[in-house]
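File shown: upload-v1.txt (compact mmCIF, N, CA, C and O atoms).
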```
# COMPACT_ATOMS: atom_id res chain seq x y z
N MET A 30 19.14 -7.18 0.43
CA MET A 30 18.04 -8.12 0.36
C MET A 30 17.57 -8.19 -1.10
O MET A 30 17.42 -7.17 -1.76
N ASP A 31 17.34 -9.41 -1.58
CA ASP A 31 16.90 -9.54 -2.97
C ASP A 31 15.43 -9.10 -3.11
O ASP A 31 14.70 -9.00 -2.13
N ARG A 32 15.03 -8.83 -4.34
CA ARG A 32 13.70 -8.29 -4.64
C ARG A 32 12.57 -9.18 -4.11
O ARG A 32 11.64 -8.69 -3.48
N GLU A 33 12.64 -10.48 -4.35
CA GLU A 33 11.56 -11.38 -3.93
C GLU A 33 11.41 -11.41 -2.40
O GLU A 33 10.30 -11.40 -1.89
N THR A 34 12.52 -11.42 -1.70
CA THR A 34 12.46 -11.42 -0.23
C THR A 34 11.86 -10.11 0.26
O THR A 34 11.02 -10.10 1.17
N LYS A 35 12.28 -9.01 -0.34
CA LYS A 35 11.76 -7.70 0.05
C LYS A 35 10.25 -7.63 -0.20
O LYS A 35 9.49 -7.15 0.64
N LEU A 36 9.80 -8.13 -1.36
CA LEU A 36 8.38 -8.11 -1.66
C LEU A 36 7.58 -8.98 -0.70
O LEU A 36 6.48 -8.61 -0.28
N LYS A 37 8.10 -10.12 -0.32
CA LYS A 37 7.41 -10.98 0.65
C LYS A 37 7.28 -10.29 1.99
O LYS A 37 6.25 -10.37 2.65
N LYS A 38 8.34 -9.62 2.40
CA LYS A 38 8.32 -8.88 3.66
C LYS A 38 7.27 -7.75 3.60
O LYS A 38 6.49 -7.58 4.54
N LEU A 39 7.25 -7.03 2.50
CA LEU A 39 6.28 -5.96 2.34
C LEU A 39 4.86 -6.48 2.29
O LEU A 39 3.94 -5.87 2.85
N GLN A 40 4.67 -7.62 1.64
CA GLN A 40 3.33 -8.20 1.59
C GLN A 40 2.84 -8.57 2.99
O GLN A 40 1.69 -8.31 3.34
N PHE A 41 3.71 -9.16 3.77
CA PHE A 41 3.33 -9.50 5.14
C PHE A 41 2.94 -8.23 5.91
O PHE A 41 1.91 -8.20 6.57
N ARG A 42 3.77 -7.22 5.83
CA ARG A 42 3.50 -5.97 6.54
C ARG A 42 2.21 -5.32 6.04
O ARG A 42 1.46 -4.73 6.81
N ALA A 43 1.94 -5.42 4.74
CA ALA A 43 0.74 -4.82 4.16
C ALA A 43 -0.53 -5.51 4.65
O ALA A 43 -1.56 -4.85 4.82
N TRP A 44 -0.45 -6.81 4.88
CA TRP A 44 -1.64 -7.57 5.29
C TRP A 44 -1.76 -7.74 6.79
O TRP A 44 -2.73 -8.36 7.27
N HIS A 45 -0.86 -7.20 7.57
CA HIS A 45 -0.91 -7.33 9.03
C HIS A 45 -0.81 -5.95 9.66
O HIS A 45 0.12 -5.64 10.39
N ARG A 46 -1.80 -5.12 9.36
CA ARG A 46 -1.80 -3.74 9.82
C ARG A 46 -2.44 -3.58 11.18
O ARG A 46 -2.17 -2.63 11.87
N GLY A 47 -3.34 -4.44 11.55
CA GLY A 47 -3.99 -4.33 12.85
C GLY A 47 -5.50 -4.22 12.78
O GLY A 47 -6.19 -4.51 13.74
N THR A 48 -6.02 -3.77 11.64
CA THR A 48 -7.47 -3.76 11.46
C THR A 48 -7.79 -4.38 10.10
O THR A 48 -7.00 -4.31 9.16
N ARG A 49 -8.94 -4.97 10.02
CA ARG A 49 -9.35 -5.62 8.78
C ARG A 49 -9.45 -4.62 7.62
O ARG A 49 -9.07 -4.91 6.49
N GLU A 50 -9.96 -3.43 7.94
CA GLU A 50 -10.12 -2.41 6.90
C GLU A 50 -8.77 -2.00 6.32
O GLU A 50 -8.61 -1.89 5.10
N ALA A 51 -7.79 -1.78 7.18
CA ALA A 51 -6.45 -1.41 6.71
C ALA A 51 -5.80 -2.56 5.96
O ALA A 51 -5.11 -2.35 4.96
N ASP A 52 -6.03 -3.78 6.43
CA ASP A 52 -5.49 -4.94 5.73
C ASP A 52 -6.02 -5.01 4.30
O ASP A 52 -5.26 -5.21 3.35
N PHE A 53 -7.33 -4.84 4.14
CA PHE A 53 -7.93 -4.88 2.80
C PHE A 53 -7.40 -3.75 1.93
O PHE A 53 -7.08 -3.96 0.75
N LEU A 54 -7.33 -2.56 2.49
CA LEU A 54 -6.89 -1.41 1.71
C LEU A 54 -5.43 -1.54 1.30
O LEU A 54 -5.10 -1.50 0.11
N ILE A 55 -4.56 -1.72 2.26
CA ILE A 55 -3.12 -1.71 2.00
C ILE A 55 -2.66 -3.06 1.43
O ILE A 55 -1.88 -3.11 0.47
N GLY A 56 -3.14 -4.14 1.99
CA GLY A 56 -2.78 -5.46 1.48
C GLY A 56 -3.32 -5.71 0.09
O GLY A 56 -2.63 -6.25 -0.78
N GLY A 57 -4.57 -5.30 -0.13
CA GLY A 57 -5.16 -5.45 -1.45
C GLY A 57 -4.42 -4.64 -2.51
O GLY A 57 -4.22 -5.10 -3.63
N PHE A 58 -4.00 -3.45 -2.13
CA PHE A 58 -3.23 -2.61 -3.03
C PHE A 58 -1.91 -3.28 -3.39
O PHE A 58 -1.52 -3.33 -4.55
N PHE A 59 -1.23 -3.82 -2.38
CA PHE A 59 0.03 -4.51 -2.64
C PHE A 59 -0.20 -5.70 -3.57
O PHE A 59 0.54 -5.90 -4.53
N ASP A 60 -1.19 -6.53 -3.27
CA ASP A 60 -1.44 -7.72 -4.09
C ASP A 60 -1.73 -7.36 -5.54
O ASP A 60 -1.32 -8.07 -6.46
N ARG A 61 -2.44 -6.26 -5.76
CA ARG A 61 -2.81 -5.86 -7.12
C ARG A 61 -1.62 -5.32 -7.91
O ARG A 61 -1.47 -5.61 -9.09
N TYR A 62 -0.76 -4.56 -7.25
CA TYR A 62 0.28 -3.83 -7.98
C TYR A 62 1.72 -4.21 -7.64
O TYR A 62 2.63 -3.93 -8.42
N GLY A 63 1.97 -4.79 -6.50
CA GLY A 63 3.32 -4.97 -5.98
C GLY A 63 4.31 -5.65 -6.90
O GLY A 63 5.47 -5.23 -6.99
N GLN A 64 3.90 -6.70 -7.59
CA GLN A 64 4.84 -7.43 -8.45
C GLN A 64 5.34 -6.61 -9.63
O GLN A 64 6.41 -6.90 -10.18
N SER A 65 4.61 -5.59 -10.02
CA SER A 65 5.02 -4.79 -11.18
C SER A 65 5.80 -3.53 -10.81
O SER A 65 6.24 -2.80 -11.70
N TRP A 66 5.99 -3.28 -9.53
CA TRP A 66 6.64 -2.04 -9.11
C TRP A 66 8.13 -2.03 -9.40
O TRP A 66 8.83 -3.03 -9.27
N SER A 67 8.61 -0.84 -9.72
CA SER A 67 10.04 -0.58 -9.85
C SER A 67 10.64 -0.43 -8.44
O SER A 67 9.88 -0.38 -7.45
N GLU A 68 11.93 -0.33 -8.36
CA GLU A 68 12.58 -0.14 -7.05
C GLU A 68 12.11 1.14 -6.37
O GLU A 68 11.88 1.15 -5.16
N SER A 69 11.94 2.21 -7.14
CA SER A 69 11.49 3.46 -6.52
C SER A 69 10.04 3.35 -6.04
O SER A 69 9.68 3.92 -5.01
N GLU A 70 9.22 2.59 -6.75
CA GLU A 70 7.83 2.38 -6.32
C GLU A 70 7.79 1.50 -5.07
O GLU A 70 6.96 1.73 -4.18
N ILE A 71 8.67 0.53 -4.99
CA ILE A 71 8.77 -0.29 -3.79
C ILE A 71 9.18 0.58 -2.60
O ILE A 71 8.61 0.47 -1.51
N ASP A 72 10.13 1.46 -2.81
CA ASP A 72 10.56 2.38 -1.75
C ASP A 72 9.41 3.27 -1.30
O ASP A 72 9.22 3.51 -0.11
N TRP A 73 8.62 3.76 -2.25
CA TRP A 73 7.45 4.59 -1.94
C TRP A 73 6.49 3.81 -1.02
O TRP A 73 6.02 4.33 -0.01
N PHE A 74 6.23 2.57 -1.40
CA PHE A 74 5.30 1.75 -0.62
C PHE A 74 5.86 1.46 0.77
O PHE A 74 5.13 1.51 1.76
N GLU A 75 7.14 1.18 0.84
CA GLU A 75 7.77 0.92 2.13
C GLU A 75 7.64 2.15 3.04
O GLU A 75 7.35 2.02 4.22
N ASN A 76 7.81 3.32 2.48
CA ASN A 76 7.62 4.56 3.25
C ASN A 76 6.17 4.72 3.68
O ASN A 76 5.89 5.17 4.79
N LEU A 77 5.24 4.36 2.80
CA LEU A 77 3.82 4.44 3.13
C LEU A 77 3.50 3.55 4.32
O LEU A 77 2.72 3.93 5.20
N LEU A 78 4.12 2.38 4.38
CA LEU A 78 3.86 1.46 5.48
C LEU A 78 4.31 2.00 6.84
O LEU A 78 3.85 1.53 7.87
N SER A 79 5.18 2.99 6.84
CA SER A 79 5.62 3.57 8.11
C SER A 79 4.64 4.62 8.63
O SER A 79 4.77 5.09 9.75
N GLU A 80 3.66 4.98 7.82
CA GLU A 80 2.65 5.96 8.23
C GLU A 80 1.53 5.28 9.00
O GLU A 80 1.31 4.07 8.88
N ASP A 81 0.80 6.07 9.78
CA ASP A 81 -0.34 5.54 10.53
C ASP A 81 -1.44 5.10 9.57
O ASP A 81 -1.75 5.82 8.60
N ASP A 82 -2.04 3.96 9.86
CA ASP A 82 -3.11 3.43 9.01
C ASP A 82 -4.26 4.42 8.85
O ASP A 82 -4.84 4.53 7.78
N VAL A 83 -4.59 5.12 9.92
CA VAL A 83 -5.69 6.07 9.87
C VAL A 83 -5.41 7.14 8.82
O VAL A 83 -6.31 7.53 8.06
N ASP A 84 -4.17 7.59 8.76
CA ASP A 84 -3.80 8.60 7.76
C ASP A 84 -3.84 8.03 6.35
O ASP A 84 -4.39 8.66 5.44
N VAL A 85 -3.27 6.86 6.17
CA VAL A 85 -3.26 6.24 4.84
C VAL A 85 -4.68 6.03 4.34
O VAL A 85 -5.00 6.32 3.18
N MET A 86 -5.54 5.55 5.22
CA MET A 86 -6.93 5.33 4.82
C MET A 86 -7.62 6.66 4.48
O MET A 86 -8.38 6.73 3.51
N ALA A 87 -7.34 7.69 5.25
CA ALA A 87 -7.94 9.01 4.98
C ALA A 87 -7.45 9.57 3.65
O ALA A 87 -8.23 10.17 2.90
N TRP A 88 -6.18 9.38 3.33
CA TRP A 88 -5.65 9.83 2.03
C TRP A 88 -6.34 9.05 0.91
O TRP A 88 -6.68 9.61 -0.12
N ALA A 89 -6.52 7.75 1.11
CA ALA A 89 -7.11 6.90 0.07
C ALA A 89 -8.56 7.28 -0.23
O ALA A 89 -8.97 7.25 -1.38
N ILE A 90 -9.31 7.62 0.81
CA ILE A 90 -10.72 7.95 0.57
C ILE A 90 -10.97 9.44 0.41
O ILE A 90 -12.09 9.86 0.18
N GLY A 91 -9.90 10.24 0.56
CA GLY A 91 -10.00 11.66 0.28
C GLY A 91 -10.49 12.53 1.42
O GLY A 91 -10.90 13.67 1.18
N THR A 92 -10.45 12.04 2.65
CA THR A 92 -10.89 12.87 3.77
C THR A 92 -9.75 13.69 4.38
O THR A 92 -10.02 14.58 5.18
N LEU A 93 -8.52 13.41 3.99
CA LEU A 93 -7.36 14.22 4.36
C LEU A 93 -6.55 14.47 3.10
O LEU A 93 -6.47 13.60 2.23
N PRO A 94 -5.93 15.64 3.01
CA PRO A 94 -5.06 15.89 1.84
C PRO A 94 -3.83 14.99 1.88
O PRO A 94 -3.30 14.68 2.95
N VAL A 95 -3.40 14.56 0.72
CA VAL A 95 -2.24 13.68 0.60
C VAL A 95 -0.98 14.53 0.73
O VAL A 95 -0.83 15.53 0.04
N PRO A 96 -0.06 14.13 1.63
CA PRO A 96 1.21 14.86 1.72
C PRO A 96 1.97 14.79 0.39
O PRO A 96 1.88 13.80 -0.34
N GLN A 97 2.70 15.83 0.09
CA GLN A 97 3.43 15.91 -1.17
C GLN A 97 4.32 14.70 -1.39
O GLN A 97 4.46 14.22 -2.52
N THR A 98 4.89 14.18 -0.34
CA THR A 98 5.76 13.00 -0.42
C THR A 98 5.07 11.81 -1.08
O THR A 98 5.71 11.01 -1.75
N PHE A 99 3.77 11.69 -0.88
CA PHE A 99 3.03 10.53 -1.38
C PHE A 99 2.17 10.81 -2.60
O PHE A 99 1.50 9.92 -3.11
N GLU A 100 2.17 12.05 -3.08
CA GLU A 100 1.40 12.38 -4.28
C GLU A 100 2.00 11.69 -5.50
O GLU A 100 3.20 11.45 -5.55
N GLY A 101 1.16 11.37 -6.46
CA GLY A 101 1.65 10.79 -7.71
C GLY A 101 0.84 9.59 -8.15
O GLY A 101 -0.23 9.30 -7.60
N PRO A 102 1.34 8.87 -9.15
CA PRO A 102 0.58 7.77 -9.75
C PRO A 102 0.24 6.65 -8.78
O PRO A 102 -0.84 6.05 -8.88
N GLN A 103 1.13 6.35 -7.85
CA GLN A 103 0.81 5.26 -6.91
C GLN A 103 -0.32 5.67 -5.97
O GLN A 103 -1.20 4.85 -5.68
N MET A 104 -0.32 6.90 -5.50
CA MET A 104 -1.42 7.34 -4.65
C MET A 104 -2.70 7.38 -5.46
O MET A 104 -3.77 7.01 -4.95
N ASP A 105 -2.62 7.80 -6.71
CA ASP A 105 -3.82 7.79 -7.57
C ASP A 105 -4.39 6.38 -7.67
O ASP A 105 -5.61 6.19 -7.59
N ALA A 106 -3.53 5.39 -7.82
CA ALA A 106 -3.98 3.99 -7.90
C ALA A 106 -4.57 3.55 -6.57
O ALA A 106 -5.59 2.85 -6.54
N LEU A 107 -3.95 3.95 -5.46
CA LEU A 107 -4.47 3.60 -4.13
C LEU A 107 -5.87 4.20 -3.94
O LEU A 107 -6.76 3.54 -3.39
N GLN A 108 -6.07 5.40 -4.43
CA GLN A 108 -7.35 6.09 -4.24
C GLN A 108 -8.47 5.53 -5.11
O GLN A 108 -9.64 5.76 -4.81
N ARG A 109 -8.15 4.79 -6.15
CA ARG A 109 -9.21 4.20 -6.99
C ARG A 109 -10.00 3.13 -6.25
O ARG A 109 -11.15 2.87 -6.56
N LEU A 110 -9.36 2.47 -5.30
CA LEU A 110 -10.02 1.46 -4.46
C LEU A 110 -10.64 0.31 -5.26
O LEU A 110 -11.53 -0.38 -4.78
N ASP A 111 -10.20 0.08 -6.49
CA ASP A 111 -10.77 -0.97 -7.32
C ASP A 111 -10.06 -2.31 -7.16
O ASP A 111 -10.36 -3.26 -7.86
N TYR A 112 -9.17 -2.39 -6.22
CA TYR A 112 -8.35 -3.58 -6.02
C TYR A 112 -8.77 -4.36 -4.77
O TYR A 112 -8.20 -5.40 -4.46
N ILE A 113 -9.76 -3.88 -4.04
CA ILE A 113 -10.16 -4.51 -2.79
C ILE A 113 -11.12 -5.67 -3.08
O ILE A 113 -12.14 -5.50 -3.72
N ASP A 114 -10.74 -6.85 -2.57
CA ASP A 114 -11.58 -8.05 -2.70
C ASP A 114 -12.34 -8.24 -1.40
O ASP A 114 -11.81 -8.74 -0.42
N ALA A 115 -13.57 -7.79 -1.38
CA ALA A 115 -14.37 -7.84 -0.16
C ALA A 115 -14.89 -9.25 0.15
O ALA A 115 -15.56 -9.44 1.16
N THR A 116 -14.55 -10.23 -0.67
CA THR A 116 -15.00 -11.60 -0.40
C THR A 116 -14.08 -12.34 0.54
O THR A 116 -14.39 -13.45 0.95
N LYS A 117 -12.92 -11.77 0.88
CA LYS A 117 -11.97 -12.45 1.78
C LYS A 117 -12.45 -12.40 3.21
O LYS A 117 -13.05 -11.51 3.67
```
Rewrite the coordinates I just gave you, this time as structure tokens.
Amino acid sequence: MDRETKLKKLQFRAWHRGTREADFLIGGFFDRYGQSWSESEIDWFENLLSEDDVDVMAWAIGTLPVPQTFEGPQMDALQRLDYIDATK
């Protein structure tokens, strides 16, 4: 699958999580950073999407420890929460 198709698929998955809060958190994160990601960063995000939203949200706000698999610069960016557009 080419990069643009993969990114469109990931964007859809990021914005259709099942709750508005998860959509804003995960979808907003994708919209802010997704176009600049390397292939390994895209893979990281794709793996994140397979996790339960409750866990991802808890990692982002710091109420659960982040698994080693997801530690690093992308999780740091997710935890900043400065990419959420609450006007949507």
Name all residues at most 6 Å from region 106-115 of chain A (count only N, CA, C and O atoms; drop same-chain ones fewer than 2 positions away) and give them as a ChimeraX atom specification. /A:53,57-58,61,88-90,101-104,117
Which residue out of A:Phe74, A:Trp44, A:Phe59, A:Trp66 has the minimum interatomic distance to Phe99 (chain A) when only C-alpha atoms are used? A:Phe74
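Across the model, the gap from CA of Gln64 (chain A) to CA of Met30 (chain A) is 15.9 Å.
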Who sits within 8 Å of region 80-86 of chain A, only N, CA, C and O atoms, same chain under 5 positions skipped, as an NGL selection string: :A and (46 or 50-51 or 54-55 or 74-75 or 91-96 or 107-108)
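Here CA of Ser67 (chain A) stands at a distance of 16.5 Å from CA of Glu100 (chain A).
For the pair atom N of Thr48 (chain A) and atom O of Leu78 (chain A), the interatomic distance is 11.8 Å.
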May I have all residues of chain A that DSSP, computed from the backbone, assigns to alpha helix (DSSP H), given as a count of residues only? 50
